[in-house]
Each structure stands twice: as C-alpha cells, then as structure tokens.
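Peer 1: Please read through the structure below; I'll follow up with questions.
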Amino acid sequence: MSSAADHAADPDRLWSVDEHLEDVLTTVRPLEPIELQLLDAQGCVLVDDVVVPVSLPPFDNSSMDGYAVRVADVSGASEEFPAALEVVGDVAAGAADPVRVGPGQAARIMTGAPLPPGAETVVPVEWTDGGLGEGPVGGMRARSRSPQDATGQVRVYRPAEARAHVRAQGSDVRAGDLALKAGTVLGPPQIALLAAIGRGTVRVRPRPRVVVLSTGSELVQPGEQLARGQIYDSNSFALTAAARDAGAIGYRVGAVADDADTLRSTIEDQLVRADLMVTTGGVSVGAYDVVKEALSHVGDEDEPGGGVEFRKLAMQPGKPQGFGTIGPDHTPLLALPGNPVSSYVSFELFVRPVIRTLMGLPDVHRPTTRATLAADKALTSPRGRRQFLRGVYADGEVSPVGGSGSHLIAALAQADALIVVPEDTESVEPGSEVEVVLLG
C-alpha cells in the first residue's frame, strides 16, 4: 500500500479509479494451493497442467448395441440375401475377457463394450433380426429374459465398413496429451474429464471466503415488519450474491447497528472465516458513519502495511471508499458506500477483481466493449468524475436505464452493463460511441 502511505497526509485528495484499483490489487495475493477431492474442487482454479495418464477411450469399443463381426462376412448382405452368422456369445460393457470372433461368427455387443478379438466392425442391432428370424428388429431383448439370444444364429441385412460404429482407442485424448491447462476454472465438464482419466484429487487455489456485512441502525431483514424510518437491508444480499457469482464462497452477516463497539466485535468474530471482508455503509462523513470509527481500532495498524484507510475517489457513484488489511493474517478489507447502486458499482470495479485475484485467475476484470449510445437526450456527467451509469446492451447499442441516483435499485435490476463516462467528459450525445462494462 505504498500509494496509501504516500497520500495519507492528504485526506482531501481525490484518488482516480485506476489509482485506487492498482493500490488494492498490488496488496492482494492469490490464495495458497491445496489438494481437493474432485467435487470439492468445483469452481476452483487449477494450479498445475494436467497430463493424460491413460488414453480415452482406453480400448476400442462399440458405439452401438449390435453385433461385432468381420467385414468380409457381411459384405453384400441385404434384406433379400442376409448374411447368416453364428452367435458365439455376449460382450458386455466391462467385459475383461471377451469372446473371439472367427470367420462366419458374430458376438452380441453392447454400447461401450470392448471390440472382441477377431472382429473388425459393428453392425447395429437394427440391421439384424436379433436372432429371432423374423426380419429387422428395433432393439435387443434383455439377457435376463432371453439368455438364448447370446447363442444361435443372427441374420445381418446390411454390410458394414471396417471399424464402423467403433470408438477407437485414444480417439478422445491420448496418453501424454495436455488435458487441462493451469488457470482453468473447474466446472462440471472439466471435473468429468479429470474423473475419466483417473484423477481423484486435484491441486487448486481454493474459492475465497468472502464475508459481507452491512451497517445501519435503520436496516431491517427482509420478511420482518418495517417501522417508521426503517428500510430493508438489500446491500448485504446483493454483495453476497455478487461474491458468489464471482466465484467466491459468500457469507452474509446480518446488518450491524450504528455502534462502533458492536461493529468492531462483529468484524473480529468474522475474521476466522474470511479471506476477504466487505462492509457496506458508514464510510462517508456523517456523524453516524461508524465504519471509520470501528476500523480505526481493528486490525494491524502497528504492522507494516496494515490498517484501513478511507479515501475519496473521483467517481460517481461511489466516491467514499475504504481499503486496508486487518487482523493477524492481514485479511484484506474493502469498505464500500451504503447507497445500493454505489455499493454494487464499487463491488464490480474493486471487489470482484480482488476475488478473481485471490482465485489466481489471469483476467480479473469484467469484459468491456464499445457501443453506440441509444438515448433520447445527452447524458451529463460532472467534470473530473468518472461516471458509471446503468445500461442495457444489445447488438452494439447501449441504452441507459434509470437516472444517476445512487439509490435507484429498480433500474439496477434491469441493467446488464455500465456506461462509462470519462473524467474529462461533461456531456455524451446520442449516437456517440461509449465504453461499456458488460455485467452479464
């Protein structure tokens, strides 16, 4: 936090968005890798490249229920002149010692079963009489009900080329191939691949544990009765959901009243399960903005680089911000404004990149694009502030939703993008090209 130290003597200085973000990200380091069982690793980031130890499939196998045969024995087969073959047995999935197929013979084979020695191709059961002698069939009968179908004779009504309906050994991946690169986020398909190549555990960076708490004596939990002067706590729900959406394990703490001692003890209690703490509210200059008061006595101010600093940023919404590290483990803490839109925009700009950095991801930011402004009138913005307006993006155009007020939650619920108005721009005309941060 060298930047913070350099400017600590100037509390009225306006930090740029980029300066604050750089200061935050240079303080945060990826979490240490751990070895996890596959399902526990879902959503985590792979630390090492994974090389395939065994080819997939590990053996030639059938992609159909049918009969394994030699190509020559079914050459020229037709419904008028079917090829009659001796059925020498069944080959089921998991069979270790399949039967051998010789000239004039066939083995009844199931999907996924290994191609037996001597066989060169597979004819689907629908191309045969299924051993019943009554013309083409629609499928096989269960072995438990008709064990005799594994013997006797089968008629084949169509020829098959060599290795038809055969999944070749290594046709998916070969031993020695790179299965997954380091930095991959493990979702269901990646976990399936790891399991398929025999990996029971994997080395990953764990999902960060993010504790979110909101402050304000006026806050009431949803589902409770509102009294005069009270509002429902939406910020802690929004930010916990946003933390989970970013890939973290989010823990929501109920709203804390405007009391510094209560807030201080709550934060200290929560540190045990936090890789990152996020507060919302109480960071401005009001008489009841207790986050500043509480955090001035929480943490590691006596440690090099420790403590929390409160700043003013040249942005709208989200001017008041706090950042630092607290506790014996130097846990990062970001203190966000209390207005709903301010807190959410601040999360997207600052907290989400921290979460992605803790995960060890190379790209920590939301994607951005250029879009044409579709609006009824020009957008205005205060000079010297980088403004972030809610918008809806589609087909290269972005339309603003709601006003610039930082309390307009309904408009936020409709938005899937942020329209960025630079610091040196006071007006943006309809049809102009603007930068857009994509939230979806």
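Going by the structure tokens order, chains are called A, B, ..., each with residues numbered from 1, while ligands are numbered from 1 in the order shown.
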Please run DSSP on the backbone and report, as an MDAnalysis selection string, all residues within range 65-284 of chain A that come out as alpha helix (DSSP H).
Peer 2: chainID A and resid 71:74 188:196 235:245 260:270
Peer 1: Got a sec: who's within 12 Å of Gly216 in chain A, counting only C-alpha atoms, leaving out chain neighbours fewer than 6 positions off, as an MDAnalysis selection string?
Peer 2: chainID A and resid 229:236 254:260 262:263 279:283 288:291 337:339
Peer 1: Store the residues picked out above in a file with C-alpha atoms, as a CSV table (one decimal), in the first residue's frame.
Peer 2:
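New file result-v5.csv:
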chain,number,residue,atom,x,y,z
A,229,GLY,CA,-37.7,5.4,9.3
A,230,GLN,CA,-36.6,1.8,8.6
A,231,ILE,CA,-35.7,0.2,5.2
A,232,TYR,CA,-34.9,-3.4,4.2
A,233,ASP,CA,-31.3,-4.5,4.0
A,234,SER,CA,-30.6,-5.2,0.4
A,235,ASN,CA,-26.9,-4.4,0.1
A,236,SER,CA,-25.7,-7.5,2.1
A,254,GLY,CA,-26.9,-9.6,9.3
A,255,ALA,CA,-27.0,-5.8,9.4
A,256,VAL,CA,-25.0,-4.3,12.2
A,257,ALA,CA,-26.3,-1.3,14.1
A,258,ASP,CA,-24.5,2.1,14.1
A,259,ASP,CA,-22.4,1.2,17.1
A,260,ALA,CA,-18.6,1.1,16.8
A,262,THR,CA,-20.7,-3.8,18.1
A,263,LEU,CA,-19.3,-3.5,14.6
A,279,THR,CA,-18.5,-3.8,4.5
A,280,THR,CA,-21.1,-1.5,3.1
A,281,GLY,CA,-22.2,1.8,4.7
A,282,GLY,CA,-20.7,4.0,7.2
A,283,VAL,CA,-17.7,5.3,5.2
A,288,TYR,CA,-23.2,8.1,12.4
A,289,ASP,CA,-20.7,6.7,9.8
A,290,VAL,CA,-19.2,4.2,12.3
A,291,VAL,CA,-17.2,2.0,10.0
A,337,PRO,CA,-20.5,3.1,0.4
A,338,GLY,CA,-24.0,2.4,1.7
A,339,ASN,CA,-26.2,3.6,-1.2
Peer 1: Would you please work out which residue, of A:Val436, A:Ala93, A:Val28, A:Val122, is nearest to Arg356 in chain A when using only C-alpha atoms?
Peer 2: A:Val28
Peer 1: Name all residues at most 12 Å from Val50 in chain A (count only C-alpha atoms; drop same-chain ones fewer than 5 positions away) and give them as a list of chain:residue names.
Peer 2: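 Those residues are A:Ala175, A:Gly176, A:Asp177, A:Leu178, A:Ala179, A:Leu180, A:Lys181, A:Ala182, A:Gly183, A:Thr184, A:Gln190, A:Ile191, A:Leu193, A:Leu194, A:Ala195, A:Ile197, A:Gly198, A:Arg199, A:Thr201, A:Val202, A:Arg203, A:Val204.
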Peer 1: Between A:Leu31, A:Ile109, A:Val434, A:Ala96, which residue has the minimum interatomic distance to Asp65 in chain A, considering only C-alpha atoms?
Peer 2: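 Residue with the minimum atom-to-atom distance to Asp65 in chain A: A:Ile109.
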Peer 1: Tell me, in Å to one decimal, how far CA of Arg385 in chain A is from CA of Ala241 in chain A.
Peer 2: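 Result for CA of Arg385 in chain A versus CA of Ala241 in chain A: 28.0 Å, one decimal.
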Peer 1: Which residue, A:Arg383, A:Arg244, A:Arg155, A:Arg205, has the smallest gap to Arg29 in chain A when you use only C-alpha atoms?
Peer 2: A:Arg205
Peer 1: Of the candidates A:Val341, A:Ala168, A:Val123, A:Val71, which shows the shortest atom-to-atom distance to Pro57 in chain A, using only C-alpha atoms?
Peer 2: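 For Pro57 in chain A, the nearest of the candidates is A:Ala168.
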Peer 1: Might you pull out every residue within 7 Å of range 316-325 of chain A, with only C-alpha atoms counted and same-chain residues fewer than 6 positions away left off, and present them as number ranges by chain?
Peer 2: A: 283-284, 299, 306-310, 331-337, 342-343, 346, 385-388, 406
Peer 1: Could you go through range 182-288 of chain A and tell me which residues DSSP, when run on the backbone, assigns to strand (DSSP E or B), listing them as a PyMOL selection string?
Peer 2: chain A and resi 185+201-205+209-215+219-220+231-232+249-256+276-280
Peer 1: Mind giving me the straight-line distance from CA of Trp15 in chain A to CA of Ile409 in chain A in Å, one decimal?
Peer 2: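 Result for CA of Trp15 in chain A versus CA of Ile409 in chain A: 26.3 Å, one decimal.
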Peer 1: Nearest to Gly384 in chain A among A:Gly66, A:Pro422, A:Pro124, A:Gly89, with distances taken over only C-alpha atoms: which residue is it?
Peer 2: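 Comparing A:Gly66, A:Pro422, A:Pro124, A:Gly89 against Gly384 in chain A, the winner is A:Pro422.
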